[in-house]
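Presented below is the structure to which this report refers.
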Amino acid sequence: MSTEVLRVDPHAPDPVLIERAAAVLRTGRLVAFPTETVYGLGANALDAAAVRGIFAAKGRPPSNPVIVHVHEPSQVRNVAADWPEAAAKLAAAFWPGPLTLVVPKLPTVPDEVTAGGPTVAVRCPRHPVARALIAAAGVPVAAPSANRSTELSPTLAEHVLKGLNGRIDLVLDGGPCTGGIESTVVDVTGPVARLLRPGLVTVAMLEAVVGPLAVGANPDSVARSPGLMARHYSPRTPVVLAEDADAEHRRLRDAGFRVISVGVDLFSDHRSISGDPVEYAAELYAVLHELDDGGFDRIVVALPPDAPEWAAVRDRLTRAAAPG
Ligand code: AMP
Ligand code: MG
């Protein structure tokens, strides 16, 4: 299969190009497209065979459920069996945007989407290309990140092609994703909303709307979350997190490794990155993709502060550094 790339204006995509991509989705094939978080790999969420294609292209284990994307909040009725009050409040506050809500699913949602479970994760993205594509397709769109399983998420069309060229039909190239890390995931099936994956919508922002959250997977709950796997979002080059990146850099260099560091104010050879958590998130995967191609043996990352505004970034860094 050869993968076609169509460049689109991220703010005002050409309806003719969007319709071409929507037709690919409607015929059960795969389209990668930009969202405000990372690039997604989309398929018709109501077509089980099409969704199996996502798993085949990514090499994703079938036990990992995928997020379903809708072009406007009212469309959740096509996938959700129930819309709890917490879902309504959170959607009113943060949709369209980088927040995913886990709710009871309708029987028409295939088991492939939900890993056989009774819940479905749903999100209404803000990116104009994503919304135009989903609206034109006329179906909800299942879309995990457009990368091979466990590898780094893509924030550029080039990153998508690095992992999936020849494995998918089409990439809509809308330039860089502005958010840069995957959506916040909240399970609203229980009496208390539960954070399954931190993201750009922070705990403080969520708690301002629904009150105190529970955090982490509920062992009694059917809602599983592949984002909770220890290793995920990893470059091929081993990542080492360090409180003192300069010291770790010297130690590894003296042991004979080719080392590059990532951080804000470092003395060693490094790729600098923003000291602001939102900007850092937007840059992180592009920096890791770039350094992964740089011929290094180790990437040392200076650990950002243990503070709520850094929770999502620290989560992704911890998973990137987890042993394979
Ligand atoms: P990705 O790995 O980028 O494809 O992201 C998919 C994410 O969706 C996972 O990390 C989960 O957090 C979340 N997810 C999808 N479906 C469900 C579900 N039914 N229950 C809980 N989390 C889900
Ligand atoms: Mg992913």
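In the structure tokens, chains take letters A, B, ... by order of appearance, with residues numbered from 1 within each chain and ligands from 1 in the order shown.
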
To test your reading of the structure, identify every residue in region 81-172 of chain A that backbone DSSP assigns to helix (DSSP H, G or I), and report it as a PyMOL selection string. chain A and resi 85-94+111-114+128-137+157-164

The selected residues should be written to file as a compact mmCIF listing (two decimals), in the first residue's frame (atoms: N, CA, C and O atoms).
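The result, stored in part_37.txt:
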# COMPACT_ATOMS: atom_id res chain seq x y z
N GLU A 85 -24.26 13.05 34.64
CA GLU A 85 -24.21 14.50 34.89
C GLU A 85 -22.78 15.03 34.82
O GLU A 85 -22.53 16.11 34.26
N ALA A 86 -21.83 14.26 35.34
CA ALA A 86 -20.43 14.71 35.31
C ALA A 86 -19.95 14.85 33.87
O ALA A 86 -19.18 15.75 33.53
N ALA A 87 -20.41 13.94 32.99
CA ALA A 87 -20.02 14.03 31.58
C ALA A 87 -20.57 15.31 30.97
O ALA A 87 -19.85 16.04 30.26
N ALA A 88 -21.84 15.60 31.27
CA ALA A 88 -22.46 16.80 30.71
C ALA A 88 -21.73 18.06 31.17
O ALA A 88 -21.45 18.96 30.38
N LYS A 89 -21.38 18.09 32.46
CA LYS A 89 -20.69 19.27 32.99
C LYS A 89 -19.29 19.43 32.38
O LYS A 89 -18.88 20.52 32.01
N LEU A 90 -18.57 18.32 32.30
CA LEU A 90 -17.20 18.40 31.79
C LEU A 90 -17.19 18.72 30.30
O LEU A 90 -16.35 19.49 29.82
N ALA A 91 -18.13 18.13 29.57
CA ALA A 91 -18.20 18.43 28.14
C ALA A 91 -18.57 19.90 27.92
O ALA A 91 -17.99 20.57 27.05
N ALA A 92 -19.49 20.40 28.73
CA ALA A 92 -19.87 21.82 28.58
C ALA A 92 -18.67 22.73 28.85
O ALA A 92 -18.50 23.76 28.20
N ALA A 93 -17.82 22.32 29.78
CA ALA A 93 -16.69 23.17 30.15
C ALA A 93 -15.51 23.04 29.18
O ALA A 93 -14.82 24.02 28.91
N PHE A 94 -15.25 21.84 28.66
CA PHE A 94 -13.97 21.61 27.96
C PHE A 94 -14.08 21.12 26.52
O PHE A 94 -13.06 20.92 25.88
N ASP A 111 -16.88 -4.33 19.74
CA ASP A 111 -15.97 -4.73 20.81
C ASP A 111 -14.52 -4.32 20.51
O ASP A 111 -13.74 -4.09 21.44
N GLU A 112 -14.16 -4.27 19.24
CA GLU A 112 -12.79 -3.88 18.87
C GLU A 112 -12.45 -2.50 19.42
O GLU A 112 -11.30 -2.24 19.78
N VAL A 113 -13.44 -1.60 19.46
CA VAL A 113 -13.20 -0.22 19.92
C VAL A 113 -12.95 -0.20 21.43
O VAL A 113 -12.11 0.55 21.92
N THR A 114 -13.70 -1.04 22.15
CA THR A 114 -13.71 -0.93 23.60
C THR A 114 -12.95 -2.06 24.28
O THR A 114 -13.02 -2.22 25.50
N PRO A 128 -9.69 22.25 13.68
CA PRO A 128 -10.60 22.40 12.54
C PRO A 128 -10.52 21.25 11.53
O PRO A 128 -11.54 20.87 10.95
N VAL A 129 -9.32 20.67 11.34
CA VAL A 129 -9.20 19.57 10.37
C VAL A 129 -9.90 18.33 10.91
O VAL A 129 -10.65 17.65 10.19
N ALA A 130 -9.70 18.04 12.19
CA ALA A 130 -10.35 16.87 12.79
C ALA A 130 -11.86 17.01 12.73
O ALA A 130 -12.58 16.08 12.33
N ARG A 131 -12.34 18.18 13.10
CA ARG A 131 -13.80 18.37 13.13
C ARG A 131 -14.41 18.30 11.74
O ARG A 131 -15.45 17.68 11.53
N ALA A 132 -13.74 18.91 10.77
CA ALA A 132 -14.25 18.90 9.39
C ALA A 132 -14.26 17.46 8.85
O ALA A 132 -15.23 17.03 8.21
N LEU A 133 -13.20 16.71 9.15
CA LEU A 133 -13.11 15.33 8.65
C LEU A 133 -14.21 14.45 9.24
O LEU A 133 -14.88 13.71 8.52
N ILE A 134 -14.41 14.55 10.56
CA ILE A 134 -15.40 13.70 11.22
C ILE A 134 -16.81 14.07 10.73
O ILE A 134 -17.64 13.20 10.45
N ALA A 135 -17.05 15.38 10.59
CA ALA A 135 -18.36 15.82 10.10
C ALA A 135 -18.61 15.31 8.68
O ALA A 135 -19.68 14.79 8.38
N ALA A 136 -17.60 15.39 7.83
CA ALA A 136 -17.77 14.97 6.44
C ALA A 136 -17.93 13.45 6.35
O ALA A 136 -18.67 12.95 5.50
N ALA A 137 -17.24 12.72 7.21
CA ALA A 137 -17.34 11.25 7.18
C ALA A 137 -18.75 10.82 7.57
O ALA A 137 -19.24 9.79 7.10
N ALA A 157 3.17 15.47 10.55
CA ALA A 157 2.87 14.43 9.55
C ALA A 157 4.12 13.58 9.28
O ALA A 157 4.01 12.37 9.05
N GLU A 158 5.31 14.19 9.32
CA GLU A 158 6.56 13.44 9.11
C GLU A 158 6.71 12.33 10.15
O GLU A 158 7.22 11.25 9.87
N HIS A 159 6.30 12.63 11.41
CA HIS A 159 6.39 11.60 12.46
C HIS A 159 5.45 10.44 12.14
O HIS A 159 5.78 9.28 12.39
N VAL A 160 4.27 10.75 11.61
CA VAL A 160 3.32 9.69 11.25
C VAL A 160 3.96 8.77 10.21
O VAL A 160 3.93 7.54 10.32
N LEU A 161 4.57 9.39 9.19
CA LEU A 161 5.15 8.60 8.10
C LEU A 161 6.32 7.75 8.58
O LEU A 161 6.53 6.64 8.09
N LYS A 162 7.06 8.26 9.57
CA LYS A 162 8.20 7.49 10.09
C LYS A 162 7.74 6.10 10.55
O LYS A 162 8.41 5.11 10.32
N GLY A 163 6.57 6.05 11.21
CA GLY A 163 6.11 4.77 11.73
C GLY A 163 5.15 4.03 10.81
O GLY A 163 5.10 2.80 10.81
N LEU A 164 4.35 4.77 10.02
CA LEU A 164 3.20 4.13 9.36
C LEU A 164 3.20 4.24 7.84
O LEU A 164 2.23 3.82 7.20

Residues within 9 Å of ligand 1 (only C-alpha atoms and all ligand atoms), as number ranges by chain? A: 38, 40-41, 60, 64-68, 100-105, 113-122, 143-147, 149-150, 153, 182-187, 196-197, 217, 222-229, 232-233

Report, in Å to a single decimal, how far apart CA of Asp246 (chain A) and CA of Asp315 (chain A) are.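 CA of Asp246 (chain A) lies 21.7 Å from CA of Asp315 (chain A).
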
Considering only strand (DSSP E or B) as DSSP defines it on the backbone, what residues of region 195-303 of chain A qualify? List them as an MDAnalysis selection string. chainID A and resid 195:197 214:215 234 239:242 259:263 270:272 298:302

Residues near His11 (chain A), cut-off 12 Å, only C-alpha atoms, skip fewer than 3 positions along chain, as a list in words: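 My reading of the contact set: Val8, Asp14, Pro15, Pro34, Thr35, Glu36, Arg126, His127, Pro128, Val129, Ala130, Arg131, Ala132, Gly174, Gly175, Pro176 and Cys177 of chain A.
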
Please write the residues from the selection above to a file, keeping N, CA, C and O atoms, as an mmCIF file, in the first residue's frame.
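The result, written out as part_21.cif:
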data_model
loop_
_atom_site.group_PDB
_atom_site.id
_atom_site.type_symbol
_atom_site.label_atom_id
_atom_site.label_comp_id
_atom_site.auth_asym_id
_atom_site.auth_seq_id
_atom_site.Cartn_x
_atom_site.Cartn_y
_atom_site.Cartn_z
ATOM 1 N N VAL A 8 -3.144 20.227 4.110
ATOM 2 C CA VAL A 8 -4.358 21.024 4.301
ATOM 3 C C VAL A 8 -4.045 22.214 5.194
ATOM 4 O O VAL A 8 -3.147 22.150 6.038
ATOM 5 N N ASP A 14 -9.440 22.784 2.961
ATOM 6 C CA ASP A 14 -10.194 22.764 1.709
ATOM 7 C C ASP A 14 -11.242 21.640 1.764
ATOM 8 O O ASP A 14 -10.893 20.470 1.926
ATOM 9 N N PRO A 15 -12.532 21.990 1.620
ATOM 10 C CA PRO A 15 -13.594 20.971 1.712
ATOM 11 C C PRO A 15 -13.434 19.837 0.699
ATOM 12 O O PRO A 15 -13.856 18.704 0.964
ATOM 13 N N PRO A 34 -4.515 15.566 11.895
ATOM 14 C CA PRO A 34 -4.069 16.329 13.057
ATOM 15 C C PRO A 34 -5.215 16.621 14.020
ATOM 16 O O PRO A 34 -6.351 16.831 13.600
ATOM 17 N N THR A 35 -4.911 16.584 15.306
ATOM 18 C CA THR A 35 -5.840 17.091 16.316
ATOM 19 C C THR A 35 -5.042 18.091 17.153
ATOM 20 O O THR A 35 -3.853 18.272 16.927
ATOM 21 N N GLU A 36 -5.668 18.711 18.138
ATOM 22 C CA GLU A 36 -4.946 19.665 18.971
ATOM 23 C C GLU A 36 -4.013 18.974 19.964
ATOM 24 O O GLU A 36 -3.215 19.625 20.610
ATOM 25 N N ARG A 126 -10.960 19.875 19.061
ATOM 26 C CA ARG A 126 -11.143 21.279 18.673
ATOM 27 C C ARG A 126 -10.516 21.578 17.315
ATOM 28 O O ARG A 126 -10.862 22.556 16.664
ATOM 29 N N HIS A 127 -9.566 20.768 16.898
ATOM 30 C CA HIS A 127 -8.812 21.090 15.676
ATOM 31 C C HIS A 127 -9.747 21.158 14.465
ATOM 32 O O HIS A 127 -10.515 20.213 14.215
ATOM 33 N N PRO A 128 -9.688 22.247 13.683
ATOM 34 C CA PRO A 128 -10.602 22.396 12.541
ATOM 35 C C PRO A 128 -10.518 21.253 11.533
ATOM 36 O O PRO A 128 -11.544 20.872 10.948
ATOM 37 N N VAL A 129 -9.321 20.670 11.339
ATOM 38 C CA VAL A 129 -9.199 19.573 10.367
ATOM 39 C C VAL A 129 -9.905 18.327 10.905
ATOM 40 O O VAL A 129 -10.652 17.646 10.188
ATOM 41 N N ALA A 130 -9.697 18.035 12.191
ATOM 42 C CA ALA A 130 -10.346 16.869 12.792
ATOM 43 C C ALA A 130 -11.863 17.011 12.729
ATOM 44 O O ALA A 130 -12.581 16.080 12.334
ATOM 45 N N ARG A 131 -12.342 18.183 13.102
ATOM 46 C CA ARG A 131 -13.803 18.366 13.132
ATOM 47 C C ARG A 131 -14.406 18.302 11.742
ATOM 48 O O ARG A 131 -15.453 17.685 11.527
ATOM 49 N N ALA A 132 -13.735 18.912 10.768
ATOM 50 C CA ALA A 132 -14.254 18.895 9.389
ATOM 51 C C ALA A 132 -14.262 17.461 8.854
ATOM 52 O O ALA A 132 -15.230 17.032 8.206
ATOM 53 N N GLY A 174 -1.584 18.731 8.395
ATOM 54 C CA GLY A 174 -2.036 20.064 8.811
ATOM 55 C C GLY A 174 -0.972 20.770 9.642
ATOM 56 O O GLY A 174 -1.301 21.661 10.435
ATOM 57 N N GLY A 175 0.300 20.357 9.490
ATOM 58 C CA GLY A 175 1.363 21.017 10.252
ATOM 59 C C GLY A 175 1.419 20.521 11.682
ATOM 60 O O GLY A 175 0.836 19.485 12.018
ATOM 61 N N PRO A 176 2.159 21.246 12.540
ATOM 62 C CA PRO A 176 2.377 20.775 13.914
ATOM 63 C C PRO A 176 1.115 20.825 14.772
ATOM 64 O O PRO A 176 0.270 21.716 14.624
ATOM 65 N N CYS A 177 0.973 19.849 15.690
ATOM 66 C CA CYS A 177 -0.110 19.867 16.678
ATOM 67 C C CYS A 177 0.288 20.840 17.785
ATOM 68 O O CYS A 177 1.420 20.797 18.270
#

Determine, counting only C-alpha atoms, which protein, DNA and RNA residues have an atom within 10 Å of an atom of Pro304 (chain A); residues of the same chain fewer than 2 positions away are not included. Present the result as a list of chain:residue names. A:Leu241, A:Ala242, A:Glu243, A:Gly263, A:Val264, A:Gly275, A:Asp276, A:Pro277, A:Tyr280, A:Val301, A:Ala302, A:Asp306, A:Ala307, A:Trp310, A:Ala311, A:Val313, A:Arg314, A:Leu317

Using all heavy atoms, can you export the residues from the last selection as a tab-separated table (two decimals), in the first residue's frame?
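Output (selection02.tsv):
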chain	number	residue	atom	x	y	z
A	241	LEU	N	15.75	9.71	33.04
A	241	LEU	CA	15.27	10.91	33.74
A	241	LEU	C	16.21	11.21	34.89
A	241	LEU	O	16.65	10.29	35.59
A	241	LEU	CB	13.87	10.68	34.30
A	241	LEU	CG	12.78	10.37	33.29
A	241	LEU	CD1	11.43	10.26	34.00
A	241	LEU	CD2	12.74	11.45	32.23
A	242	ALA	N	16.50	12.49	35.10
A	242	ALA	CA	17.46	12.83	36.16
A	242	ALA	C	17.09	14.13	36.84
A	242	ALA	O	16.70	15.10	36.17
A	242	ALA	CB	18.87	12.93	35.58
A	243	GLU	N	17.17	14.15	38.17
A	243	GLU	CA	16.99	15.40	38.91
A	243	GLU	C	18.16	16.33	38.55
A	243	GLU	O	17.96	17.52	38.35
A	243	GLU	CB	17.03	15.13	40.43
A	243	GLU	CG	15.92	14.22	40.95
A	243	GLU	CD	14.59	14.94	41.12
A	243	GLU	OE1	14.52	16.17	40.89
A	243	GLU	OE2	13.60	14.25	41.47
A	263	GLY	N	16.62	19.88	28.51
A	263	GLY	CA	16.30	20.61	29.72
A	263	GLY	C	16.34	22.10	29.49
A	263	GLY	O	16.53	22.56	28.36
A	264	VAL	N	16.13	22.83	30.56
A	264	VAL	CA	15.99	24.29	30.45
A	264	VAL	C	17.33	24.99	30.61
A	264	VAL	O	17.79	25.67	29.70
A	264	VAL	CB	14.96	24.80	31.46
A	264	VAL	CG1	14.77	26.30	31.31
A	264	VAL	CG2	13.62	24.08	31.27
A	275	GLY	N	10.57	26.31	29.52
A	275	GLY	CA	10.37	26.09	30.95
A	275	GLY	C	8.91	26.24	31.37
A	275	GLY	O	8.58	26.11	32.55
A	276	ASP	N	8.04	26.48	30.39
A	276	ASP	CA	6.61	26.61	30.68
A	276	ASP	C	5.93	25.26	30.39
A	276	ASP	O	6.15	24.68	29.33
A	276	ASP	CB	6.01	27.70	29.78
A	276	ASP	CG	4.51	27.71	29.84
A	276	ASP	OD1	3.96	28.21	30.83
A	276	ASP	OD2	3.86	27.16	28.91
A	277	PRO	N	5.12	24.73	31.33
A	277	PRO	CA	4.59	23.37	31.14
A	277	PRO	C	3.77	23.19	29.87
A	277	PRO	O	3.83	22.12	29.24
A	277	PRO	CB	3.74	23.13	32.40
A	277	PRO	CG	3.64	24.42	33.11
A	277	PRO	CD	4.74	25.32	32.63
A	280	TYR	N	6.23	23.31	26.97
A	280	TYR	CA	7.07	22.11	27.06
A	280	TYR	C	6.32	20.92	26.45
A	280	TYR	O	6.85	20.15	25.64
A	280	TYR	CB	7.42	21.84	28.53
A	280	TYR	CG	8.42	20.73	28.80
A	280	TYR	CD1	9.67	21.03	29.34
A	280	TYR	CD2	8.12	19.39	28.55
A	280	TYR	CE1	10.60	20.02	29.62
A	280	TYR	CE2	9.03	18.38	28.83
A	280	TYR	CZ	10.26	18.69	29.37
A	280	TYR	OH	11.16	17.70	29.64
A	301	VAL	N	16.92	13.37	30.28
A	301	VAL	CA	15.93	14.45	30.39
A	301	VAL	C	15.91	14.96	31.83
A	301	VAL	O	15.75	14.17	32.77
A	301	VAL	CB	14.51	13.97	29.99
A	301	VAL	CG1	13.51	15.12	30.10
A	301	VAL	CG2	14.52	13.40	28.57
A	302	ALA	N	16.10	16.27	31.98
A	302	ALA	CA	16.02	16.88	33.30
A	302	ALA	C	14.57	16.82	33.76
A	302	ALA	O	13.66	17.30	33.07
A	302	ALA	CB	16.49	18.33	33.23
A	306	ASP	N	8.04	18.53	40.52
A	306	ASP	CA	6.92	17.68	40.93
A	306	ASP	C	5.78	18.59	41.39
A	306	ASP	O	5.53	18.75	42.57
A	306	ASP	CB	7.38	16.74	42.06
A	306	ASP	CG	6.32	15.71	42.42
A	306	ASP	OD1	5.27	15.68	41.73
A	306	ASP	OD2	6.53	14.95	43.37
A	307	ALA	N	5.10	19.20	40.40
A	307	ALA	CA	4.04	20.17	40.68
A	307	ALA	C	2.86	19.86	39.77
A	307	ALA	O	3.05	19.29	38.69
A	307	ALA	CB	4.57	21.58	40.40
A	310	TRP	N	2.80	20.24	36.03
A	310	TRP	CA	3.73	19.41	35.27
A	310	TRP	C	3.31	17.94	35.25
A	310	TRP	O	4.03	17.09	34.73
A	310	TRP	CB	5.14	19.51	35.85
A	310	TRP	CG	5.82	20.82	35.55
A	310	TRP	CD1	5.90	21.92	36.36
A	310	TRP	CD2	6.51	21.16	34.35
A	310	TRP	NE1	6.59	22.92	35.74
A	310	TRP	CE2	6.98	22.48	34.50
A	310	TRP	CE3	6.77	20.46	33.16
A	310	TRP	CZ2	7.70	23.14	33.50
A	310	TRP	CZ3	7.49	21.13	32.16
A	310	TRP	CH2	7.93	22.44	32.34
A	311	ALA	N	2.14	17.61	35.84
A	311	ALA	CA	1.76	16.20	36.02
A	311	ALA	C	1.71	15.44	34.69
A	311	ALA	O	2.22	14.32	34.58
A	311	ALA	CB	0.42	16.10	36.74
A	313	VAL	N	3.18	16.09	31.77
A	313	VAL	CA	4.51	15.96	31.18
A	313	VAL	C	5.32	14.91	31.93
A	313	VAL	O	5.97	14.04	31.33
A	313	VAL	CB	5.23	17.33	31.18
A	313	VAL	CG1	6.73	17.16	31.03
A	313	VAL	CG2	4.67	18.22	30.08
A	314	ARG	N	5.27	14.95	33.27
A	314	ARG	CA	6.03	13.96	34.05
A	314	ARG	C	5.51	12.54	33.79
A	314	ARG	O	6.27	11.58	33.72
A	314	ARG	CB	5.97	14.30	35.54
A	314	ARG	CG	6.88	15.46	35.92
A	314	ARG	CD	6.70	15.87	37.37
A	314	ARG	NE	7.03	14.81	38.31
A	314	ARG	CZ	8.16	14.74	39.01
A	314	ARG	NH1	9.09	15.68	38.89
A	314	ARG	NH2	8.37	13.76	39.85
A	317	LEU	N	6.95	11.47	30.44
A	317	LEU	CA	8.40	11.23	30.56
A	317	LEU	C	8.68	9.93	31.30
A	317	LEU	O	9.56	9.16	30.91
A	317	LEU	CB	9.07	12.40	31.29
A	317	LEU	CG	9.19	13.70	30.50
A	317	LEU	CD1	9.74	14.81	31.40
A	317	LEU	CD2	10.09	13.51	29.28

Between A:Leu152, A:Val76, A:Ala45, A:Leu291, which residue has the minimum interatomic distance to ligand 2, considering only C-alpha atoms and all ligand atoms?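 Smallest separation from ligand 2 among the options: A:Leu152.
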
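Going from CA of Ala142 (chain A) over to CA of Ala282 (chain A), you cover 23.1 Å.
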
For each of A:Ile181, A:Ala312, A:Ala245, A:Leu288, take the minimum atom-to-atom distance to Tyr39 (chain A), counting only C-alpha atoms, then give the residue where this is smallest. A:Ile181
